[in-house]
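K.L.:
Have a look at this one before I ask anything.
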Amino acid sequence: MKKLYILPVLMIMLFSNCEKVVDIEVPTIQPKLIIDASFEVFFDKIPVNANTVVKLRLSADYFEETIPTVTNATVFLTDLSNNTIINFSDGDADGNYEPLNPFIPIDNVTYELTIIYDNETYKGTATKVKSTPLSKVEQGDKTLFSGEEIELKISFKDNILEENYYLFNIDFYNFLTIEDRFFNGTNYNFSYFYEDENIEFPQEIDIKISGITKEYFTYFRVLVDQSGQNSGGPFETVPSSLLGNMINTTNKSNFPLGYFHISETDTFTISLVEKSN
């Protein structure tokens with residue numbers, strides 16, 4: 001009977017002796033400047049107002065939990081139609097730069113964004129892209145897989161005279177990009193299924209529609225695919241060297257990450273209520 005205990009004891013000794021701690025070295029990379037300069041002009045508001053914040057961060061290694069902020073940069077815009085300078089400052093020292101004097105980007109003017117950081121100069125240009133207002137947003141009755149999704153029925157009128165690209169932002173950082181290739185000039189409507197496991201009814205959420213360029217449309221789709229939908233926005237965790245439209249004019253090999261873009265934006269607020277399925 002004693003022999004029956006030999007095999008388990010040997011196996012325990014064998015596996016105990018085989019245990020080995022393996023240290024995996026994750027390569028570190030030189031931090032790159034991340035530029036999130038996605039301006040929104042709320043053209044359907046009275047009076048018209050704008051979000052013109054330039055967010056500056058540094059890329060971090062994969063396992064880092066925090067994204068370093070950049071608080072010591074020089075940031076300004078140049079109106080290339082008359083060379084007027086619009087200076088920005090980071091008053092709260094949080095990496096978010098706002099214009100010293102509020103301004104609203106105007107139609108058919110190209111703006112050049114200049115950022116000077118760590119003795120290097122970064123530049124990019126953008127012109128405001130027109131959009132269309134949301135016609136209607138209402139809560140539907142359908143759900144998807146879990147049964148907890150909330151149907152949002154979204155409608156808008158597309159401009160037939162232009163090739164349009166749209167960015168939707170639903171309740172902060174739930175992004176959707178759409179092009180009008182198959183519905184040019186029509187009254188377009190679609191369903192978006194929104195889910196929030198912590199929602200308490202009734203709950204108000206905002207839906208934004210922004211006009212974007214074809215280049216930004218392509219860039220943003222890749223960015224969201226790589227970064228995912230997250231609470232800080234896709235620019236908070238840029239996972240790879242995805243090139244935007246900002247250029248390091250001092251040292252091209254040290255290229256930045258991020259984008260400079262100006263969109264017309266419309267916002268619709270809807271109050272969600274609990275429905276029995």
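A note on labels: chains of the structure tokens are A, B, ... as shown, every chain counts residues from 1, and ligands are counted from 1 in their shown order.
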Please provide the set of residues having any atom within 10 Å of Asn83 of chain A, restricted to only C-alpha atoms, with same-chain residues fewer than 6 positions apart removed, written as a PDB file with N, CA, C and O atoms, in the first residue's frame.
P.N.:
ATOM      1  N   LEU A  77      -2.195  79.531 -32.658  1.00  0.00           N
ATOM      2  CA  LEU A  77      -2.787  79.373 -33.981  1.00  0.00           C
ATOM      3  C   LEU A  77      -2.456  80.594 -34.820  1.00  0.00           C
ATOM      4  O   LEU A  77      -2.371  81.707 -34.302  1.00  0.00           O
ATOM      5  N   TYR A 111      -6.306  77.542 -40.799  1.00  0.00           N
ATOM      6  CA  TYR A 111      -5.588  77.853 -39.563  1.00  0.00           C
ATOM      7  C   TYR A 111      -4.380  76.929 -39.446  1.00  0.00           C
ATOM      8  O   TYR A 111      -4.472  75.730 -39.737  1.00  0.00           O
ATOM      9  N   GLU A 112      -3.286  77.502 -39.001  1.00  0.00           N
ATOM     10  CA  GLU A 112      -2.079  76.708 -38.770  1.00  0.00           C
ATOM     11  C   GLU A 112      -1.827  76.618 -37.272  1.00  0.00           C
ATOM     12  O   GLU A 112      -1.706  77.630 -36.588  1.00  0.00           O
TER      13      GLU A 112
END
K.L.:
Can you tell me which residues surround segment 176-186 of chain A at a distance of at most 6 Å, considering only C-alpha atoms, apart from same-chain residues fewer than 4 positions away, and format the answer as an NGL selection string?
P.N.:
:A and (157-160 or 164-168)
K.L.:
Considering only C-alpha atoms, return as JSON, numbers by chain whatever protein or nucleic-acid residues lie within 9 Å of segment 147-150 of chain A, sequence-local ones (same chain, fewer than 6 positions apart) excluded.
P.N.:
{"A": [139, 140, 141, 192, 193, 194, 195, 196, 197, 272, 277]}
K.L.:
Using only C-alpha atoms, can you tell me which of A:Ile212, A:Leu33, A:Ile207, A:Val54 comes closest to Leu243 of chain A?
P.N.:
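Among the listed residues, the smallest separation from Leu243 of chain A belongs to A:Leu33.
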K.L.:
What's around Ile67 of chain A at 7 Å? Count only C-alpha atoms, leave out sequence neighbours fewer than 2 positions away in its own chain, and write the answer as a PyMOL selection string.
P.N.:
chain A and resi 57-60+65+69
K.L.:
So that I can see what lies close to Phe88 of chain A, please list as JSON, numbers by chain the residues with an atom at most 9 Å from it, counting only C-alpha atoms and leaving out residues fewer than 5 positions away in the same chain.
P.N.:
{"A": [53, 54, 74, 75, 76, 77, 97, 98, 99, 100, 101]}
K.L.:
Could you tell me, as number ranges by chain, which residues of segment 13-247 of chain A DSSP assigns to alpha helix (DSSP H) when given the backbone?
P.N.:
A: 13-18, 214-227
K.L.:
Using Å and a single decimal, report how far atom CA of Ile154 of chain A sits from atom CA of Lys275 of chain A.
P.N.:
18.4 Å
K.L.:
Within 12 Å of Asp107 of chain A, counting only C-alpha atoms, which residues qualify if same-chain residues fewer than 2 places away don't, as number ranges by chain?
P.N.:
A: 41, 43, 79, 81, 104-105, 109-111, 126-131, 262-264
